[in-house]
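Asks: Enclosed is the structure file upload.txt (compact mmCIF, C-alpha atoms and all ligand atoms).
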# COMPACT_ATOMS: atom_id res chain seq x y z
CA MET A 1 39.37 -38.61 -22.84
CA LYS A 2 36.04 -38.72 -24.66
CA GLN A 3 34.36 -39.75 -21.44
CA THR A 4 35.87 -36.84 -19.48
CA LEU A 5 34.72 -34.47 -22.20
CA ARG A 6 31.21 -35.90 -22.07
CA PHE A 7 31.21 -35.57 -18.26
CA ILE A 8 32.33 -31.93 -18.44
CA LEU A 9 29.72 -31.22 -21.11
CA SER A 10 26.90 -32.76 -19.09
CA LEU A 11 28.07 -30.84 -16.00
CA ALA A 12 28.00 -27.62 -18.02
CA THR A 13 24.50 -28.40 -19.34
CA PHE A 14 23.27 -29.15 -15.84
CA TRP A 15 24.78 -25.90 -14.53
CA ALA A 16 23.25 -23.89 -17.40
CA MET A 17 19.84 -25.46 -16.82
CA THR A 18 19.91 -24.80 -13.10
CA ALA A 19 21.10 -21.24 -13.62
CA ALA A 20 18.38 -20.59 -16.21
CA GLN A 21 15.77 -22.09 -13.92
CA SER A 22 16.69 -20.12 -10.84
CA GLN A 23 16.89 -17.00 -12.95
CA ASP A 24 13.48 -17.70 -14.48
CA PHE A 25 11.71 -18.20 -11.20
CA SER A 26 13.46 -15.83 -8.80
CA GLY A 27 10.69 -13.34 -9.60
CA TYR A 28 8.35 -15.53 -7.56
CA SER A 29 10.53 -15.42 -4.47
CA GLY A 30 10.62 -11.66 -4.13
CA GLY A 31 13.22 -10.85 -6.82
CA VAL A 32 12.80 -9.08 -10.14
CA LEU A 33 10.03 -10.62 -12.25
CA PRO A 34 10.66 -9.53 -15.85
CA ASP A 35 7.73 -9.19 -18.27
CA ASN A 36 8.04 -9.71 -22.07
CA ASN A 37 9.91 -6.40 -22.32
CA GLY A 38 12.34 -7.29 -19.53
CA VAL A 39 10.64 -4.83 -17.16
CA HIS A 40 9.72 -5.86 -13.57
CA VAL A 41 5.99 -6.72 -13.44
CA ASN A 42 4.09 -3.78 -11.95
CA ALA A 43 0.84 -5.32 -10.62
CA HIS A 44 0.84 -5.16 -6.83
CA GLY A 45 -1.95 -6.28 -4.50
CA GLY A 46 -3.13 -8.21 -7.52
CA GLY A 47 -5.36 -11.05 -8.52
CA ILE A 48 -5.77 -13.44 -11.44
CA LEU A 49 -8.64 -14.00 -13.86
CA TYR A 50 -8.47 -17.20 -15.91
CA GLN A 51 -10.24 -17.41 -19.22
CA LYS A 52 -9.88 -19.74 -22.24
CA GLY A 53 -6.29 -20.74 -21.61
CA ILE A 54 -5.10 -17.31 -20.57
CA TYR A 55 -4.31 -16.00 -17.10
CA TYR A 56 -4.79 -12.24 -16.68
CA TRP A 57 -3.00 -10.62 -13.77
CA PHE A 58 -4.43 -7.30 -12.57
CA GLY A 59 -2.70 -5.20 -9.93
CA GLU A 60 -1.77 -1.75 -8.70
CA HIS A 61 0.68 0.05 -10.96
CA LYS A 62 3.06 1.61 -8.45
CA GLY A 63 5.44 4.51 -9.07
CA GLU A 64 8.84 5.52 -7.76
CA GLY A 65 9.46 6.80 -4.23
CA GLU A 66 7.00 6.93 -1.38
CA VAL A 67 4.53 8.92 -3.46
CA GLY A 68 4.45 5.89 -5.78
CA ASN A 69 2.07 4.20 -3.34
CA ARG A 70 -0.62 6.55 -4.58
CA SER A 71 -2.20 5.86 -7.93
CA PHE A 72 -1.13 8.02 -10.87
CA ASP A 73 -1.46 5.41 -13.64
CA GLY A 74 -4.11 2.91 -12.61
CA VAL A 75 -4.59 -0.83 -12.77
CA HIS A 76 -1.96 -2.71 -14.79
CA CYS A 77 -2.81 -5.92 -16.67
CA TYR A 78 -0.51 -8.73 -17.81
CA SER A 79 -1.39 -11.98 -19.58
CA SER A 80 0.20 -15.42 -19.52
CA LYS A 81 -0.46 -18.89 -20.87
CA ASN A 82 1.80 -20.67 -18.39
CA LEU A 83 1.86 -18.59 -15.16
CA LYS A 84 5.53 -17.95 -15.82
CA ASP A 85 5.95 -15.64 -18.82
CA TRP A 86 3.97 -12.41 -18.57
CA LYS A 87 3.02 -10.15 -21.47
CA ASP A 88 2.43 -6.50 -20.68
CA GLU A 89 -1.16 -5.65 -21.69
CA GLY A 90 -0.87 -2.05 -20.47
CA ILE A 91 -3.07 -0.05 -18.13
CA ALA A 92 -6.55 -1.58 -17.95
CA LEU A 93 -8.15 1.13 -15.80
CA THR A 94 -6.67 4.60 -16.21
CA MET A 95 -6.75 7.26 -13.50
CA SER A 96 -8.69 10.38 -14.36
CA LYS A 97 -7.23 13.86 -14.90
CA ASP A 98 -10.61 15.45 -14.23
CA PRO A 99 -10.61 17.02 -10.74
CA LYS A 100 -14.34 16.31 -10.52
CA SER A 101 -13.78 12.56 -10.83
CA LEU A 102 -13.31 10.62 -7.59
CA LEU A 103 -10.78 8.53 -9.52
CA ILE A 104 -8.50 11.56 -9.92
CA GLU A 105 -4.81 10.69 -10.21
CA GLY A 106 -3.07 10.85 -6.85
CA CYS A 107 -5.89 9.14 -4.96
CA ILE A 108 -5.37 5.62 -3.57
CA LEU A 109 -6.44 2.57 -5.58
CA GLU A 110 -5.46 -0.76 -4.07
CA ARG A 111 -5.93 -4.50 -4.48
CA PRO A 112 -8.01 -4.51 -7.71
CA LYS A 113 -9.67 -7.82 -8.69
CA VAL A 114 -11.52 -8.75 -11.90
CA ILE A 115 -14.21 -11.36 -12.56
CA TYR A 116 -16.07 -12.27 -15.76
CA ASN A 117 -19.85 -12.40 -15.86
CA GLU A 118 -21.01 -15.25 -18.12
CA LYS A 119 -24.55 -13.84 -18.46
CA THR A 120 -23.69 -10.27 -19.42
CA GLY A 121 -20.34 -10.93 -21.10
CA LYS A 122 -18.82 -8.08 -19.05
CA TYR A 123 -15.55 -7.99 -17.12
CA VAL A 124 -16.17 -6.51 -13.69
CA MET A 125 -13.45 -4.92 -11.58
CA TRP A 126 -13.80 -3.97 -7.90
CA PHE A 127 -11.03 -2.28 -5.94
CA HIS A 128 -10.25 -0.53 -2.67
CA HIS A 129 -10.55 3.21 -3.21
CA GLU A 130 -9.48 6.09 -0.96
CA LEU A 131 -10.13 9.71 -1.88
CA LYS A 132 -7.33 12.08 -2.80
CA ASP A 133 -5.64 13.73 0.20
CA LYS A 134 -7.98 12.02 2.66
CA GLY A 135 -5.63 9.28 3.84
CA TYR A 136 -7.45 6.00 4.41
CA SER A 137 -10.62 7.54 5.86
CA ALA A 138 -13.08 7.02 2.98
CA ALA A 139 -12.82 3.18 2.92
CA LEU A 140 -14.76 2.78 -0.34
CA THR A 141 -15.07 0.00 -2.86
CA GLY A 142 -14.84 1.11 -6.49
CA LEU A 143 -16.38 -0.46 -9.59
CA ALA A 144 -15.23 -0.45 -13.22
CA VAL A 145 -16.50 -2.46 -16.22
CA SER A 146 -15.13 -3.54 -19.58
CA ASP A 147 -16.12 -5.57 -22.65
CA LYS A 148 -12.60 -6.95 -22.94
CA ALA A 149 -10.47 -8.66 -20.29
CA THR A 150 -7.51 -6.34 -20.86
CA GLY A 151 -9.70 -3.20 -20.84
CA PRO A 152 -10.18 -0.33 -21.18
CA TYR A 153 -12.34 -0.42 -18.01
CA LYS A 154 -14.89 2.33 -17.47
CA TYR A 155 -15.06 3.68 -13.93
CA ILE A 156 -18.65 3.56 -12.62
CA HIS A 157 -18.56 4.74 -8.98
CA SER A 158 -17.24 4.06 -5.47
CA ILE A 159 -19.46 3.17 -2.54
CA ARG A 160 -19.72 2.13 1.08
CA PRO A 161 -21.64 -1.15 0.67
CA ASN A 162 -24.55 -2.66 2.59
CA ALA A 163 -26.01 0.63 3.86
CA GLY A 164 -29.09 0.15 6.05
CA VAL A 165 -28.95 -3.67 6.17
CA TRP A 166 -27.90 -5.99 8.97
CA PRO A 167 -25.56 -8.91 8.22
CA VAL A 168 -26.78 -12.51 8.08
CA GLY A 169 -27.01 -14.02 11.56
CA PHE A 170 -26.55 -10.74 13.43
CA PRO A 171 -28.44 -11.07 16.75
CA ASN A 172 -31.71 -9.14 16.95
CA LYS A 173 -30.85 -7.75 20.36
CA LEU A 174 -27.82 -5.96 18.88
CA LYS A 175 -29.73 -4.38 16.00
CA LYS A 176 -29.75 -0.90 17.43
CA LYS A 177 -27.74 2.33 17.44
CA ALA A 178 -24.08 2.00 18.45
CA ILE A 179 -23.06 2.98 21.93
CA ALA A 180 -19.89 5.11 22.29
CA GLU A 181 -16.56 3.44 21.52
CA PRO A 182 -14.63 2.56 24.71
CA ALA A 183 -11.67 4.92 25.04
CA LYS A 184 -8.97 2.29 25.43
CA LYS A 185 -8.38 0.64 22.05
CA ARG A 186 -7.64 -3.09 22.18
CA SER A 187 -8.79 -3.37 25.82
CA PRO A 188 -11.06 -6.40 26.52
CA GLU A 189 -14.00 -4.02 26.78
CA TRP A 190 -13.16 -2.48 23.39
CA VAL A 191 -12.75 -5.90 21.72
CA LYS A 192 -16.17 -6.92 23.06
CA TRP A 193 -17.62 -3.68 21.72
CA VAL A 194 -16.16 -4.49 18.26
CA GLU A 195 -17.45 -8.08 18.42
CA GLN A 196 -20.90 -6.79 19.24
CA GLY A 197 -20.83 -4.64 16.13
CA GLY A 198 -19.70 -1.28 17.54
CA PHE A 199 -18.30 -0.12 14.19
CA LEU A 200 -20.90 -2.06 12.20
CA ARG A 201 -23.70 -0.28 14.04
CA ARG A 202 -21.91 3.08 13.78
CA ASP A 203 -21.72 2.65 9.96
CA PHE A 204 -25.15 1.06 9.54
CA GLU A 205 -26.83 4.00 7.83
CA GLY A 206 -23.99 5.32 5.69
CA GLY A 207 -22.70 1.92 4.57
CA GLN A 208 -19.93 -0.37 5.73
CA MET A 209 -16.21 0.37 5.37
CA SER A 210 -14.43 -1.56 2.65
CA ARG A 211 -10.62 -1.69 2.44
CA ASP A 212 -8.35 -4.69 1.51
CA MET A 213 -10.48 -6.84 -0.76
CA THR A 214 -10.85 -9.76 -3.12
CA LEU A 215 -13.57 -11.34 -5.26
CA PHE A 216 -14.63 -14.97 -5.48
CA ILE A 217 -17.10 -16.76 -7.79
CA ASP A 218 -18.79 -19.73 -6.16
CA VAL A 219 -19.74 -22.96 -7.99
CA ASP A 220 -23.29 -21.68 -8.59
CA GLY A 221 -21.98 -18.56 -10.34
CA THR A 222 -22.74 -16.19 -7.45
CA ALA A 223 -19.93 -13.70 -6.95
CA TYR A 224 -18.79 -12.53 -3.53
CA HIS A 225 -16.98 -9.37 -2.48
CA ILE A 226 -14.71 -10.07 0.50
CA ALA A 227 -13.28 -7.04 2.29
CA SER A 228 -11.77 -5.71 5.50
CA ALA A 229 -14.54 -3.70 7.18
CA GLU A 230 -15.23 -2.19 10.61
CA GLU A 231 -11.90 -0.29 10.83
CA ASN A 232 -10.17 -3.47 9.55
CA GLN A 233 -11.33 -5.44 12.57
CA THR A 234 -13.77 -7.74 10.75
CA ILE A 235 -14.04 -9.25 7.26
CA HIS A 236 -17.35 -8.83 5.43
CA ILE A 237 -18.33 -11.36 2.77
CA SER A 238 -21.06 -9.86 0.58
CA ALA A 239 -23.08 -11.49 -2.22
CA LEU A 240 -23.06 -9.45 -5.41
CA SER A 241 -26.05 -9.09 -7.76
CA GLU A 242 -26.40 -11.40 -10.78
CA ASP A 243 -24.59 -8.93 -13.02
CA TYR A 244 -21.84 -8.51 -10.36
CA LEU A 245 -22.34 -4.72 -10.51
CA SER A 246 -24.01 -4.13 -7.15
CA PHE A 247 -24.42 -5.48 -3.64
CA THR A 248 -27.52 -7.51 -2.78
CA GLY A 249 -27.53 -6.59 0.92
CA LYS A 250 -26.80 -10.19 1.86
CA TYR A 251 -23.54 -10.21 3.81
CA LYS A 252 -21.81 -12.05 6.61
CA ARG A 253 -19.38 -10.85 9.29
CA VAL A 254 -16.37 -13.18 9.36
CA LEU A 255 -14.17 -13.57 12.46
CA PRO A 256 -15.42 -10.41 14.22
CA ALA A 257 -12.55 -8.48 15.84
CA GLY A 258 -10.16 -10.96 14.14
CA ARG A 259 -8.14 -8.13 12.54
CA ASN A 260 -7.71 -9.65 9.09
CA GLU A 261 -6.50 -7.97 5.91
CA GLY A 262 -5.37 -9.12 2.47
CA PRO A 263 -8.07 -11.82 2.25
CA ALA A 264 -7.50 -14.56 -0.35
CA ILE A 265 -10.18 -17.24 -0.82
CA PHE A 266 -10.21 -20.63 -2.49
CA LEU A 267 -12.38 -23.74 -2.62
CA LYS A 268 -11.03 -27.27 -2.18
CA ASN A 269 -13.05 -30.46 -1.73
CA GLY A 270 -16.20 -28.54 -0.87
CA LYS A 271 -14.49 -26.43 1.81
CA TYR A 272 -13.77 -22.71 1.58
CA TYR A 273 -10.38 -21.51 2.78
CA MET A 274 -9.20 -18.02 3.53
CA ILE A 275 -5.60 -16.93 3.96
CA SER A 276 -5.17 -13.41 5.28
CA SER A 277 -2.67 -11.12 6.97
CA GLY A 278 -2.71 -9.03 10.11
CA LEU A 279 -2.81 -5.27 10.59
CA THR A 280 0.75 -3.94 10.33
CA GLY A 281 0.48 -1.48 7.43
CA TRP A 282 3.10 -2.33 4.76
CA LYS A 283 5.16 -4.42 7.20
CA PRO A 284 4.88 -8.19 6.97
CA ASN A 285 3.24 -10.20 9.76
CA PRO A 286 2.25 -13.81 10.45
CA ALA A 287 -0.40 -15.06 7.97
CA ARG A 288 -3.59 -16.74 9.18
CA ALA A 289 -5.75 -19.42 7.63
CA ALA A 290 -9.43 -20.18 8.25
CA VAL A 291 -11.96 -22.67 6.88
CA ALA A 292 -15.75 -22.81 6.41
CA ASP A 293 -18.32 -25.17 4.91
CA LYS A 294 -20.15 -22.23 3.35
CA LEU A 295 -18.92 -18.77 2.46
CA MET A 296 -21.72 -17.28 4.58
CA GLY A 297 -21.34 -19.95 7.24
CA ASP A 298 -19.16 -20.06 10.35
CA TRP A 299 -15.44 -19.67 9.83
CA THR A 300 -12.96 -21.60 11.98
CA PRO A 301 -9.44 -20.20 12.43
CA LEU A 302 -6.68 -22.68 11.51
CA GLY A 303 -3.71 -20.64 12.72
CA ASN A 304 -0.60 -19.69 10.80
CA PRO A 305 -0.20 -21.70 7.56
CA CYS A 306 3.57 -21.02 7.33
CA ILE A 307 6.14 -23.67 8.24
CA GLY A 308 9.84 -22.84 8.30
CA THR A 309 12.27 -20.70 10.27
CA ALA A 310 10.99 -18.40 13.03
CA GLU A 311 11.59 -15.48 10.69
CA GLU A 312 9.64 -17.10 7.83
CA ILE A 313 6.74 -17.94 10.11
CA SER A 314 6.53 -14.50 11.67
CA THR A 315 6.78 -12.59 8.38
CA THR A 316 5.07 -14.92 5.86
CA PHE A 317 8.38 -14.93 3.93
CA GLN A 318 8.41 -11.12 4.16
CA SER A 319 5.10 -10.75 2.39
CA GLN A 320 1.35 -10.18 2.70
CA SER A 321 -1.33 -12.29 1.04
CA THR A 322 -3.29 -11.01 -1.95
CA PHE A 323 -4.82 -13.96 -3.89
CA VAL A 324 -4.87 -17.72 -4.35
CA ILE A 325 -4.77 -19.12 -7.89
CA ASP A 326 -6.73 -22.32 -8.47
CA VAL A 327 -4.54 -23.66 -11.30
CA GLU A 328 -6.67 -24.64 -14.28
CA GLY A 329 -6.48 -28.25 -15.42
CA LYS A 330 -4.37 -29.32 -12.44
CA GLU A 331 -6.19 -31.19 -9.76
CA GLU A 332 -5.83 -29.48 -6.42
CA GLN A 333 -3.00 -27.17 -7.34
CA TYR A 334 -3.25 -23.81 -5.63
CA ILE A 335 -0.76 -20.96 -5.64
CA PHE A 336 -0.63 -18.47 -2.80
CA MET A 337 0.18 -14.99 -4.17
CA ALA A 338 1.64 -12.36 -1.86
CA ASP A 339 3.30 -8.96 -2.03
CA ARG A 340 6.65 -7.98 -0.63
CA TRP A 341 5.89 -4.27 -0.23
CA ARG A 342 8.61 -1.62 -0.61
CA PRO A 343 6.76 1.46 0.68
CA GLU A 344 9.86 3.72 0.42
CA ASN A 345 10.16 2.98 -3.32
CA ALA A 346 6.81 1.41 -4.14
CA ILE A 347 7.72 0.31 -7.69
CA ASP A 348 10.34 -2.09 -6.26
CA GLY A 349 7.73 -4.23 -4.51
CA GLY A 350 8.24 -7.94 -5.19
CA TYR A 351 6.06 -11.03 -5.45
CA VAL A 352 6.10 -14.21 -3.40
CA TRP A 353 4.23 -17.17 -4.92
CA VAL A 354 4.06 -20.40 -2.96
CA GLU A 355 2.38 -23.60 -4.06
CA ILE A 356 0.03 -24.59 -1.24
CA GLU A 357 0.53 -27.96 0.44
CA PHE A 358 -2.11 -29.54 2.70
CA ASP A 359 -1.45 -31.46 5.89
CA GLN A 360 -3.29 -34.62 6.96
CA LYS A 361 -6.10 -32.54 8.42
CA ASP A 362 -6.35 -30.59 5.15
CA LYS A 363 -4.90 -27.44 6.69
CA PRO A 364 -3.16 -25.30 4.02
CA ILE A 365 0.61 -25.16 4.52
CA LEU A 366 3.08 -22.65 3.09
CA LYS A 367 6.78 -23.57 2.85
CA TRP A 368 9.61 -21.65 1.23
CA GLU A 369 10.72 -24.81 -0.61
CA ASN A 370 7.38 -24.74 -2.44
CA ILE A 371 8.08 -21.41 -4.13
CA TRP A 372 6.29 -21.52 -7.48
CA GLN A 373 8.25 -23.37 -10.15
C1 LIG B 1 -1.80 -2.68 4.40
C2 LIG B 1 -2.72 -3.12 3.29
C3 LIG B 1 -2.24 -2.54 1.99
C4 LIG B 1 -2.18 -1.03 2.16
C5 LIG B 1 -1.30 -0.67 3.35
C6 LIG B 1 -1.23 0.83 3.59
O1 LIG B 1 -2.20 -3.15 5.63
O2 LIG B 1 -2.75 -4.51 3.22
O3 LIG B 1 -3.08 -2.91 0.95
O4 LIG B 1 -3.46 -0.53 2.37
O5 LIG B 1 -1.78 -1.29 4.51
O6 LIG B 1 -0.53 1.11 4.77
Any chance you could give the structure as structure tokens?
Replies:
Amino acid sequence: MKQTLRFILSLATFWAMTAAQSQDFSGYSGGVLPDNNGVHVNAHGGGILYQKGIYYWFGEHKGEGEVGNRSFDGVHCYSSKNLKDWKDEGIALTMSKDPKSLLIEGCILERPKVIYNEKTGKYVMWFHHELKDKGYSAALTGLAVSDKATGPYKYIHSIRPNAGVWPVGFPNKLKKKAIAEPAKKRSPEWVKWVEQGGFLRRDFEGGQMSRDMTLFIDVDGTAYHIASAEENQTIHISALSEDYLSFTGKYKRVLPAGRNEGPAIFLKNGKYYMISSGLTGWKPNPARAAVADKLMGDWTPLGNPCIGTAEEISTTFQSQSTFVIDVEGKEEQYIFMADRWRPENAIDGGYVWVEIEFDQKDKPILKWENIWQ
């Protein structure tokens, strides 16, 4: 009798533990991710800053309905000591009510990222910024600065970077005015035109387009701004100044005409990896991975990092990449962070976090069974 009771009790404990666990972590497989107030985390297209035992998550605060894709609140910040429980730290960068400010509420602010500058003691935020009622035509990168990780961040300005400078390694013979864009988009002739810097040359004087973006600090402390440029056809990796507040003019075109968005960068064993998504708006698409020996070196495509069902592979588990967390204190533990967008009710967007596995050739692999635990 006693034994049966003990068996039932242990079964009940096991069930309770499993239930609690799946409940706790479902927020990392696209479900509701409750913060310390029980409210779904609202930090989309986000990234993580780690400092002194605390992870800070910055992302787009989205609203209800389709209009919720535009920015009326700003950049939301959460903090965590364990990458599981998130404390709401409020809005770190607030949208302006002043019609003269470019950061006026109702404009588009996407994919904000924050880095800390050891020399100046400042927290530096860059983000993709589109002007109010101008769709996605401005393609600017915005800058905001704070003395505290959680903010408030002060908006400085928004720019088209690298105006009047050619990228590293760009052939001399192509350093001239752009010729007209071939009429048929995506035709072989058009792709060649893009590869040869058609858009780059068009935007040379006014500055390069900058949309989906991330930031990365290299081992020597140099910070890099990595963004979709050239009408989203080519990634630009740009070195920032020592204070991280401006562009140095040193930049590299990565995978020209490769059509990459949502770039996420990490460093493992001296190699730089990028996981990105394709160009399908809010809809998911197959992810891509690439590797390089140097950030400004040559990047080699590694193909789709997802392994699983045909549906998982073709949709990246119904998500788009945004960041890779290099877990502090854990050797070679990396978490792929992605967004499951809900454009029709933006606030419902979910998060997909997958612990990255590496195959024998060191190619990053994403599998649903490695959802962050
Ligand atoms: C996606 C991009 C998002 C957002 C969206 C708008 O391709 O990754 O950040 O810009 O397009 O349609």
Asks: In Å, rounded to a single decimal, give me how far atom CA of A:Gln320 is from atom CA of A:Ala338.
Replies: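 Computed distance, atom CA of A:Ala338 to atom CA of A:Gln320, equals 5.1 Å.
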Asks: Counting only C-alpha atoms and all ligand atoms, what residues are within 8 Å of ligand LIG 1 (chain B), given as an NGL selection string?
Replies: :A and (45 or 110-111 or 136 or 211-212 or 261-262 or 277-283 or 320)
Asks: Could you state the separation of atom CA of A:Ala178 and atom CA of A:Lys134 in Å, given to one decimal place?
Replies: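 Atom-to-atom, atom CA of A:Ala178 to atom CA of A:Lys134, that is 24.7 Å.
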Asks: Check the smallest atom-to-atom distance from each of A:Ser80, A:Glu105, A:Ala180, A:Lys367 to A:Val67 using all atoms listed in the file, then report the winner.
Replies: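 Going through A:Ser80, A:Glu105, A:Ala180, A:Lys367 one by one, the smallest distance to A:Val67 is for A:Glu105.
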Asks: Name the residues in contact with stretch 139-149 of chain A at a cut-off of 8 Å, using all atoms listed in the file, excluding same-chain residues fewer than 4 positions from it; report them as an MDAnalysis selection string.
Replies: chainID A and resid 56 93 121:130 153:161 209:211 245
Asks: Which is closest to A:Val114 among A:Ile217, A:Leu131, A:Leu33, A:Ile54, if we use all atoms listed in the file?
Replies: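 For A:Val114, the nearest of the candidates is A:Ile217.
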Asks: Tell me which of A:Phe58, A:Tyr334, A:Phe204, A:Tyr273 sits closest to A:Arg288, counting all atoms listed in the file.
Replies: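 Residue with the minimum atom-to-atom distance to A:Arg288: A:Tyr273.
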Asks: Would you compute the distance between atom CA of A:Phe323 and atom CA of A:Val352? Give it in Å to one decimal.
Replies: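 We find that atom CA of A:Phe323 and atom CA of A:Val352 lie 10.9 Å from each other.
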Asks: Which of these, A:Lys52, A:Lys175, A:His225, A:Lys81, has the shortest distance to A:Gly198 once you count only C-alpha atoms?
Replies: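 Nearest candidate to A:Gly198 out of A:Lys52, A:Lys175, A:His225, A:Lys81: A:Lys175.
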Asks: What would the list of residues within 12 Å of (-11.2, -9.5, 4.4) (file frame) look like as JSON, numbers by chain, if only C-alpha atoms are what count?
Replies: {"A": [111, 128, 209, 210, 211, 212, 213, 214, 215, 216, 224, 225, 226, 227, 228, 229, 230, 231, 232, 233, 234, 235, 236, 237, 238, 252, 253, 254, 255, 256, 257, 258, 259, 260, 261, 262, 263, 264, 265, 274, 275, 276, 277, 278, 279, 288, 289, 290, 321, 322, 323]}
Asks: With C-alpha atoms retained, export the selected residues as an mmCIF file, in the coordinates of the input.
Replies:
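The result, stored in selection32.cif:
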data_model
loop_
_atom_site.group_PDB
_atom_site.id
_atom_site.type_symbol
_atom_site.label_atom_id
_atom_site.label_comp_id
_atom_site.auth_asym_id
_atom_site.auth_seq_id
_atom_site.Cartn_x
_atom_site.Cartn_y
_atom_site.Cartn_z
ATOM 1 C CA ARG A 111 -5.930 -4.500 -4.480
ATOM 2 C CA HIS A 128 -10.250 -0.530 -2.670
ATOM 3 C CA MET A 209 -16.210 0.370 5.370
ATOM 4 C CA SER A 210 -14.430 -1.560 2.650
ATOM 5 C CA ARG A 211 -10.620 -1.690 2.440
ATOM 6 C CA ASP A 212 -8.350 -4.690 1.510
ATOM 7 C CA MET A 213 -10.480 -6.840 -0.760
ATOM 8 C CA THR A 214 -10.850 -9.760 -3.120
ATOM 9 C CA LEU A 215 -13.570 -11.340 -5.260
ATOM 10 C CA PHE A 216 -14.630 -14.970 -5.480
ATOM 11 C CA TYR A 224 -18.790 -12.530 -3.530
ATOM 12 C CA HIS A 225 -16.980 -9.370 -2.480
ATOM 13 C CA ILE A 226 -14.710 -10.070 0.500
ATOM 14 C CA ALA A 227 -13.280 -7.040 2.290
ATOM 15 C CA SER A 228 -11.770 -5.710 5.500
ATOM 16 C CA ALA A 229 -14.540 -3.700 7.180
ATOM 17 C CA GLU A 230 -15.230 -2.190 10.610
ATOM 18 C CA GLU A 231 -11.900 -0.290 10.830
ATOM 19 C CA ASN A 232 -10.170 -3.470 9.550
ATOM 20 C CA GLN A 233 -11.330 -5.440 12.570
ATOM 21 C CA THR A 234 -13.770 -7.740 10.750
ATOM 22 C CA ILE A 235 -14.040 -9.250 7.260
ATOM 23 C CA HIS A 236 -17.350 -8.830 5.430
ATOM 24 C CA ILE A 237 -18.330 -11.360 2.770
ATOM 25 C CA SER A 238 -21.060 -9.860 0.580
ATOM 26 C CA LYS A 252 -21.810 -12.050 6.610
ATOM 27 C CA ARG A 253 -19.380 -10.850 9.290
ATOM 28 C CA VAL A 254 -16.370 -13.180 9.360
ATOM 29 C CA LEU A 255 -14.170 -13.570 12.460
ATOM 30 C CA PRO A 256 -15.420 -10.410 14.220
ATOM 31 C CA ALA A 257 -12.550 -8.480 15.840
ATOM 32 C CA GLY A 258 -10.160 -10.960 14.140
ATOM 33 C CA ARG A 259 -8.140 -8.130 12.540
ATOM 34 C CA ASN A 260 -7.710 -9.650 9.090
ATOM 35 C CA GLU A 261 -6.500 -7.970 5.910
ATOM 36 C CA GLY A 262 -5.370 -9.120 2.470
ATOM 37 C CA PRO A 263 -8.070 -11.820 2.250
ATOM 38 C CA ALA A 264 -7.500 -14.560 -0.350
ATOM 39 C CA ILE A 265 -10.180 -17.240 -0.820
ATOM 40 C CA MET A 274 -9.200 -18.020 3.530
ATOM 41 C CA ILE A 275 -5.600 -16.930 3.960
ATOM 42 C CA SER A 276 -5.170 -13.410 5.280
ATOM 43 C CA SER A 277 -2.670 -11.120 6.970
ATOM 44 C CA GLY A 278 -2.710 -9.030 10.110
ATOM 45 C CA LEU A 279 -2.810 -5.270 10.590
ATOM 46 C CA ARG A 288 -3.590 -16.740 9.180
ATOM 47 C CA ALA A 289 -5.750 -19.420 7.630
ATOM 48 C CA ALA A 290 -9.430 -20.180 8.250
ATOM 49 C CA SER A 321 -1.330 -12.290 1.040
ATOM 50 C CA THR A 322 -3.290 -11.010 -1.950
ATOM 51 C CA PHE A 323 -4.820 -13.960 -3.890
#
Asks: Taking (-25.6, -14.1, -20.0) in the file's coordinates as the center, which residues reach within 12 Å of it, counting all atoms listed in the file, put as a list of chain:residue names?
Replies: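 Protein and nucleic acid residues near the point are A:Tyr116, A:Asn117, A:Glu118, A:Lys119, A:Thr120, A:Gly121, A:Lys122, A:Gly221, A:Glu242, A:Asp243, A:Tyr244.
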Asks: Identify, on the basis of all atoms listed in the file, every residue whose closest approach to A:Gln318 does not exceed 9 Å; exclude the query and any residue fewer than 4 positions from it along the same chain; express the result as a PyMOL selection string.
Replies: chain A and resi 30+283-285+311-312+314+339-341+352
Asks: Mind dumping the selected residues with C-alpha atoms as a PDB file, in the coordinates of the input?
Replies:
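Listed below is the output, out_38.pdb:
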ATOM      1  CA  GLY A  30      10.620 -11.660  -4.130  1.00  0.00           C
ATOM      2  CA  LYS A 283       5.160  -4.420   7.200  1.00  0.00           C
ATOM      3  CA  PRO A 284       4.880  -8.190   6.970  1.00  0.00           C
ATOM      4  CA  ASN A 285       3.240 -10.200   9.760  1.00  0.00           C
ATOM      5  CA  GLU A 311      11.590 -15.480  10.690  1.00  0.00           C
ATOM      6  CA  GLU A 312       9.640 -17.100   7.830  1.00  0.00           C
ATOM      7  CA  SER A 314       6.530 -14.500  11.670  1.00  0.00           C
ATOM      8  CA  ASP A 339       3.300  -8.960  -2.030  1.00  0.00           C
ATOM      9  CA  ARG A 340       6.650  -7.980  -0.630  1.00  0.00           C
ATOM     10  CA  TRP A 341       5.890  -4.270  -0.230  1.00  0.00           C
ATOM     11  CA  VAL A 352       6.100 -14.210  -3.400  1.00  0.00           C
TER      12      VAL A 352
END
Asks: What lies within 8 Å of stretch 162-168 of chain A using only C-alpha atoms, ignoring chain neighbours under 5 positions off, as number ranges by chain?
Replies: A: 175, 203-208, 247-253, 296
